[in-house]
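Undergrad: Just so it is clear, I am handing over my_file.cif, which has mmCIF, C-alpha atoms.
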data_entry
loop_
_atom_site.label_atom_id
_atom_site.label_comp_id
_atom_site.auth_asym_id
_atom_site.auth_seq_id
_atom_site.Cartn_x
_atom_site.Cartn_y
_atom_site.Cartn_z
CA MET A 1 -19.14 13.75 13.94
CA ARG A 2 -20.29 10.68 12.06
CA ILE A 3 -17.91 7.77 11.22
CA ASP A 4 -18.45 5.98 7.93
CA TYR A 5 -17.80 2.25 8.51
CA ARG A 6 -18.39 1.26 4.90
CA GLY A 7 -14.95 2.15 3.54
CA PRO A 8 -11.48 1.32 4.83
CA CYS A 9 -12.65 0.79 8.41
CA LEU A 10 -15.00 -2.01 7.39
CA ALA A 11 -12.32 -3.62 5.25
CA ALA A 12 -9.83 -3.45 8.13
CA LEU A 13 -12.37 -4.91 10.55
CA LEU A 14 -13.15 -7.78 8.19
CA ALA A 15 -9.43 -8.43 7.61
CA CYS A 16 -8.94 -8.76 11.38
CA LEU A 17 -12.00 -10.93 11.98
CA THR A 18 -11.72 -13.28 9.00
CA PRO A 19 -8.78 -15.37 10.31
CA ALA A 20 -10.41 -15.71 13.74
CA LEU A 21 -13.73 -16.74 12.21
CA ALA A 22 -12.01 -19.18 9.87
CA ILE A 23 -10.21 -20.89 12.76
CA ARG A 24 -13.48 -21.22 14.68
CA ALA A 25 -15.18 -22.60 11.59
CA GLY A 26 -12.38 -25.12 11.09
CA SER A 27 -11.60 -23.88 7.60
CA ASP A 28 -8.16 -22.47 8.42
CA PRO A 29 -5.68 -25.28 7.74
CA ARG A 30 -2.97 -23.68 9.90
CA ALA A 31 -4.67 -23.28 13.28
CA HIS A 32 -3.05 -21.84 16.41
CA VAL A 33 -1.10 -24.53 18.27
CA GLU A 34 -1.05 -25.13 22.02
CA ARG A 35 1.20 -27.53 23.95
CA GLU A 36 -1.73 -29.90 24.53
CA ASP A 37 -2.17 -30.25 20.75
CA LEU A 38 1.23 -31.97 20.46
CA LEU A 39 0.63 -34.68 23.07
CA GLY A 40 0.38 -38.24 21.83
CA THR A 41 1.89 -40.43 19.15
CA TRP A 42 2.34 -39.27 15.56
CA ARG A 43 3.12 -41.30 12.42
CA LEU A 44 5.34 -39.84 9.70
CA THR A 45 3.45 -39.40 6.42
CA HIS A 46 5.64 -37.13 4.31
CA MET A 47 8.99 -35.32 4.24
CA SER A 48 10.20 -32.60 1.92
CA TYR A 49 13.55 -30.93 1.46
CA SER A 50 13.94 -27.77 -0.56
CA GLY A 51 16.66 -25.26 -1.28
CA LEU A 52 17.77 -22.90 -4.00
CA ASN A 53 17.44 -25.62 -6.66
CA GLY A 54 13.88 -26.59 -5.74
CA THR A 55 12.47 -29.58 -3.90
CA HIS A 56 14.31 -32.91 -3.93
CA VAL A 57 14.92 -36.01 -1.83
CA ASP A 58 16.23 -35.25 1.64
CA PRO A 59 19.84 -36.49 1.77
CA PHE A 60 19.31 -37.93 5.26
CA TYR A 61 16.17 -39.94 4.54
CA GLN A 62 14.77 -42.12 1.76
CA PRO A 63 11.47 -41.38 0.05
CA ASP A 64 8.60 -43.16 1.81
CA SER A 65 10.46 -43.44 5.12
CA GLY A 66 8.29 -44.20 8.12
CA GLY A 67 8.53 -43.13 11.68
CA LEU A 68 6.96 -42.34 15.03
CA LEU A 69 7.13 -39.19 17.11
CA ILE A 70 5.91 -39.25 20.71
CA TYR A 71 5.28 -36.29 23.02
CA ASP A 72 4.18 -37.09 26.55
CA ARG A 73 2.59 -34.85 29.14
CA SER A 74 5.58 -35.00 31.52
CA GLY A 75 7.84 -33.41 28.89
CA TRP A 76 9.58 -36.45 27.40
CA MET A 77 9.74 -37.14 23.67
CA SER A 78 11.10 -39.73 21.27
CA VAL A 79 11.46 -39.84 17.50
CA GLN A 80 12.40 -42.73 15.23
CA ILE A 81 12.60 -42.71 11.44
CA SER A 82 13.24 -45.81 9.36
CA GLY A 83 14.00 -46.14 5.67
CA PRO A 84 11.47 -48.18 3.66
CA ARG A 85 13.89 -50.64 2.09
CA ARG A 86 16.20 -51.72 4.88
CA ALA A 87 18.27 -54.79 4.15
CA PRO A 88 17.39 -57.75 6.36
CA GLY A 89 20.23 -59.32 8.21
CA ASP A 90 21.14 -61.48 11.14
CA ILE A 91 20.55 -60.32 14.68
CA PRO A 92 23.99 -60.01 16.30
CA LEU A 93 24.62 -62.26 19.29
CA VAL A 94 26.67 -59.52 20.95
CA ARG A 95 26.82 -55.77 20.62
CA GLY A 96 29.88 -53.63 20.65
CA ARG A 97 33.26 -53.88 19.03
CA ARG A 98 33.89 -57.17 17.26
CA VAL A 99 35.90 -58.28 14.30
CA GLY A 100 33.86 -59.17 11.23
CA ASP A 101 34.26 -59.40 7.51
CA ALA A 102 33.72 -56.56 5.02
CA ALA A 103 30.18 -57.73 4.18
CA GLU A 104 29.18 -57.55 7.84
CA ALA A 105 30.68 -54.08 8.19
CA LEU A 106 28.80 -52.91 5.08
CA HIS A 107 25.54 -54.35 6.42
CA GLU A 108 26.02 -52.54 9.74
CA ALA A 109 26.79 -49.27 7.95
CA LEU A 110 23.65 -49.59 5.82
CA ALA A 111 21.56 -50.37 8.90
CA PHE A 112 22.95 -47.26 10.61
CA ASP A 113 22.36 -45.08 7.52
CA THR A 114 18.72 -46.13 7.11
CA TYR A 115 17.59 -45.55 10.69
CA TYR A 116 17.49 -42.45 12.85
CA ALA A 117 16.43 -42.04 16.48
CA TYR A 118 16.78 -39.86 19.52
CA PHE A 119 14.93 -39.16 22.77
CA GLY A 120 14.92 -36.46 25.38
CA THR A 121 12.73 -33.73 26.74
CA TRP A 122 10.72 -31.14 24.87
CA THR A 123 9.51 -27.61 25.41
CA PHE A 124 6.99 -25.60 23.43
CA ASP A 125 6.74 -21.83 23.02
CA ALA A 126 3.15 -21.10 21.96
CA ALA A 127 3.95 -17.44 21.19
CA THR A 128 6.45 -18.43 18.48
CA ALA A 129 5.02 -21.89 17.68
CA ILE A 130 8.47 -23.45 18.20
CA VAL A 131 8.94 -26.90 19.71
CA THR A 132 12.45 -27.65 20.95
CA HIS A 133 13.75 -31.19 21.39
CA HIS A 134 16.49 -31.40 24.05
CA VAL A 135 18.42 -34.54 23.06
CA ALA A 136 19.34 -36.84 25.97
CA GLY A 137 20.19 -39.98 23.97
CA ALA A 138 20.66 -40.58 20.25
CA LEU A 139 21.72 -43.07 17.62
CA ILE A 140 24.37 -40.50 16.67
CA PRO A 141 26.29 -39.85 19.91
CA ALA A 142 27.34 -36.32 18.83
CA GLU A 143 23.69 -35.21 19.05
CA VAL A 144 23.45 -35.78 22.82
CA GLY A 145 23.08 -32.40 24.50
CA LEU A 146 21.87 -30.62 21.36
CA ASP A 147 18.62 -28.68 21.13
CA TYR A 148 16.58 -28.93 17.93
CA GLY A 149 14.05 -26.15 17.44
CA GLN A 150 11.33 -26.60 14.83
CA SER A 151 8.38 -24.47 13.75
CA VAL A 152 5.06 -26.16 14.46
CA ALA A 153 1.79 -25.92 12.58
CA LEU A 154 -1.39 -27.95 12.53
CA ASP A 155 -2.68 -28.43 9.00
CA HIS A 156 -6.06 -30.22 8.83
CA GLY A 157 -5.17 -32.19 11.96
CA ARG A 158 -1.66 -33.07 10.76
CA LEU A 159 1.41 -31.92 12.64
CA VAL A 160 3.87 -30.05 10.43
CA LEU A 161 7.42 -29.57 11.76
CA THR A 162 9.65 -27.25 9.75
CA THR A 163 13.31 -26.34 10.09
CA ARG A 164 15.17 -23.69 8.15
CA THR A 165 18.97 -23.70 7.99
CA VAL A 166 21.47 -21.73 5.95
CA ASP A 167 24.29 -23.60 4.23
CA HIS A 168 26.78 -21.61 2.14
CA GLY A 169 24.28 -18.76 1.89
CA GLN A 170 21.48 -21.07 0.71
CA THR A 171 18.33 -21.50 2.83
CA ILE A 172 17.33 -25.12 3.21
CA VAL A 173 13.79 -25.96 4.36
CA ARG A 174 12.99 -29.40 5.77
CA GLU A 175 9.39 -30.25 6.48
CA LYS A 176 8.06 -33.38 8.16
CA ILE A 177 4.34 -34.07 8.23
CA TRP A 178 2.92 -36.35 10.91
CA GLU A 179 -0.60 -37.69 11.47
CA ARG A 180 -1.94 -38.60 14.89
CA VAL A 181 -1.82 -42.28 15.85
CA SER A 182 -3.21 -41.85 19.32
CA ALA A 183 -4.76 -39.02 21.25
CA PRO A 184 -3.58 -38.18 24.74
CA PRO A 185 -5.51 -39.90 27.56
#
Let's see the structure in the file written out as structure tokens.

TA:
Amino acid sequence: MRIDYRGPCLAALLACLTPALAIRAGSDPRAHVEREDLLGTWRLTHMSYSGLNGTHVDPFYQPDSGGLLIYDRSGWMSVQISGPRRAPGDIPLVRGRRVGDAAEALHEALAFDTYYAYFGTWTFDAATAIVTHHVAGALIPAEVGLDYGQSVALDHGRLVLTTRTVDHGQTIVREKIWERVSAPP
């Protein structure tokens, strides 16, 4: 019996080999991710927020926000995101509860609303390409103890973290794109 490889078999073989060849050639923008690929310091370059009504400004961040994301080899991580137009103000002499005027309270609220940070440990599941941040300390105290899972992709050397949530039956997709600041040692 003779097998004809020119028809569907050849097409199936090429369909299977093409993604693997593209990754090796560096032409596939979404390459397979390993834990080692995440190590180092990353700078925030772009954020997008989309839902049923299209893409719009993320309600938690301002356009052109900046930030750093750090993954270290021992399993610790830290992320900080800062709004681009934060109001300057005085450095407080003390921290904690103090009585101030309404202008001071407004300034503190704006400072809080234009900055975001947490740290903790991280795990990565290469089979599902999910990185999970296990929050140990955060600007927002209610986040301590939470786990934040995000899909991971590498797109032309940029780290793309994506979350999908459902709110009132609507799927919301948040994507943060990071570029490497430093490579691991």

Undergrad: Residues proximal to (17.5, -22.8, -2.6) were defined as those with any atom within 9 Å of that point in the file's coordinates, counting all atoms listed in the file. Which are they, as a list in words?

TA: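 Looking at atoms near the point gives Ser50, Gly51, Leu52, Asn53, Gly54, Thr55, Gln170, Thr171, Ile172 and Val173 of chain A.
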
Undergrad: CA of Ala87 (chain A) to CA of Ala117 (chain A): how many Å, to one decimal?

TA: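 Going from CA of Ala87 (chain A) over to CA of Ala117 (chain A) covers 17.8 Å.
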
Undergrad: Could you check which of A:Ala111, A:Ala102, A:Met47, A:Leu69 is closest to Thr162 (chain A), using only C-alpha atoms?

TA: A:Met47

Undergrad: Between CA of Tyr71 (chain A) and CA of His134 (chain A), what is the spacing in Å?

TA: 12.3 Å

Undergrad: To one decimal place in Å, what is the distance between CA of Gly145 (chain A) and CA of Ile70 (chain A)?

TA: 18.9 Å

Undergrad: Within 12 Å of (1.7, -19.5, 21.9) (coordinates as in the file), grab all the protein and nucleic acid residues, counting only C-alpha atoms, and write them out as a PyMOL selection string.

TA: chain A and resi 31-37+123-131+151-153

Undergrad: Name the residues in contact with Pro88 (chain A) at a cut-off of 12 Å, using all atoms listed in the file, excluding same-chain residues fewer than 3 positions from it; report them as a short mmCIF file (atom, residue, chain, number, x, y, z; two decimals) with C-alpha atoms, in the frame of the given file.

TA:
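Final file, result-v6.cif:
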data_model
loop_
_atom_site.label_atom_id
_atom_site.label_comp_id
_atom_site.auth_asym_id
_atom_site.auth_seq_id
_atom_site.Cartn_x
_atom_site.Cartn_y
_atom_site.Cartn_z
CA PRO A 84 11.47 -48.18 3.66
CA ARG A 85 13.89 -50.64 2.09
CA ILE A 91 20.55 -60.32 14.68
CA GLU A 104 29.18 -57.55 7.84
CA HIS A 107 25.54 -54.35 6.42
CA GLU A 108 26.02 -52.54 9.74
CA LEU A 110 23.65 -49.59 5.82
CA ALA A 111 21.56 -50.37 8.90
CA THR A 114 18.72 -46.13 7.11
#

Undergrad: Could you tell me which of A:Thr165, A:Gln80, A:Ser74, A:Ser65 comes closest to Tyr116 (chain A) if we count all atoms listed in the file?

TA: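 Comparing A:Thr165, A:Gln80, A:Ser74, A:Ser65 against Tyr116 (chain A), the winner is A:Gln80.
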
Undergrad: My list of candidates is A:Phe60, A:Tyr118, A:Trp42, A:Phe112. Which is closest to Ala142 (chain A) when distances are computed with only C-alpha atoms?

TA: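 Answer, going by the shortest atom-to-atom distance: A:Tyr118.
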
Undergrad: Could you list, as a list in words, every residue within 7 Å of Glu179 (chain A), counting all atoms listed in the file and ignoring same-chain residues fewer than 5 positions away?

TA: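 Residues near the query, excluding close chain neighbours: Trp42, Arg43, Leu44, Thr45, Arg158 and Leu159 of chain A.
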
Undergrad: Using all atoms listed in the file, which of A:Ile140, A:Val57, A:Val181, A:Ala109 sits nearest Leu38 (chain A)?

TA: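 That would be A:Val181, the residue with the smallest distance to Leu38 (chain A).
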
Undergrad: May I have the residues within 10 Å of His46 (chain A) as a list in words, using all atoms listed in the file and disregarding those fewer than 5 positions away in the same chain?

TA: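 Everything that qualifies: Pro63, Asp64, Ser65, Gly66, Gly67, Val160, Glu175, Lys176, Ile177, Trp178 and Glu179 of chain A.
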
Undergrad: What would the file look like if the residues just selected were written as a short mmCIF file (atom, residue, chain, number, x, y, z; two decimals), in the coordinates of the input with C-alpha atoms?

TA:
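Result file follows (selection_18.cif):
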data_model
loop_
_atom_site.label_atom_id
_atom_site.label_comp_id
_atom_site.auth_asym_id
_atom_site.auth_seq_id
_atom_site.Cartn_x
_atom_site.Cartn_y
_atom_site.Cartn_z
CA PRO A 63 11.47 -41.38 0.05
CA ASP A 64 8.60 -43.16 1.81
CA SER A 65 10.46 -43.44 5.12
CA GLY A 66 8.29 -44.20 8.12
CA GLY A 67 8.53 -43.13 11.68
CA VAL A 160 3.87 -30.05 10.43
CA GLU A 175 9.39 -30.25 6.48
CA LYS A 176 8.06 -33.38 8.16
CA ILE A 177 4.34 -34.07 8.23
CA TRP A 178 2.92 -36.35 10.91
CA GLU A 179 -0.60 -37.69 11.47
#

Undergrad: Here is a test: counting only C-alpha atoms, which residue of A:His56, A:Arg73, A:Arg86, A:His133 is nearest to Thr121 (chain A)?

TA: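 Of all the options, A:His133 lies closest to Thr121 (chain A).
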
Undergrad: If the box runs along x, y and z of the file and leaves 5 Å on each side of region 44-61 of chain A, what are its centre and edge lengths in Å, one decimal, as JSON?

TA:
{"center_x": 11.6, "center_y": -31.4, "center_z": 1.5, "size_x": 26.4, "size_y": 27.0, "size_z": 26.4}

Undergrad: Take the PyMOL selection byres ((chain A and resi 147) around 9), run it mentally on this structure, and tell me the resulting residues as a list in words.

TA: Thr132, His133, His134, Val135, Glu143, Val144, Gly145, Leu146, Tyr148 and Gly149 of chain A
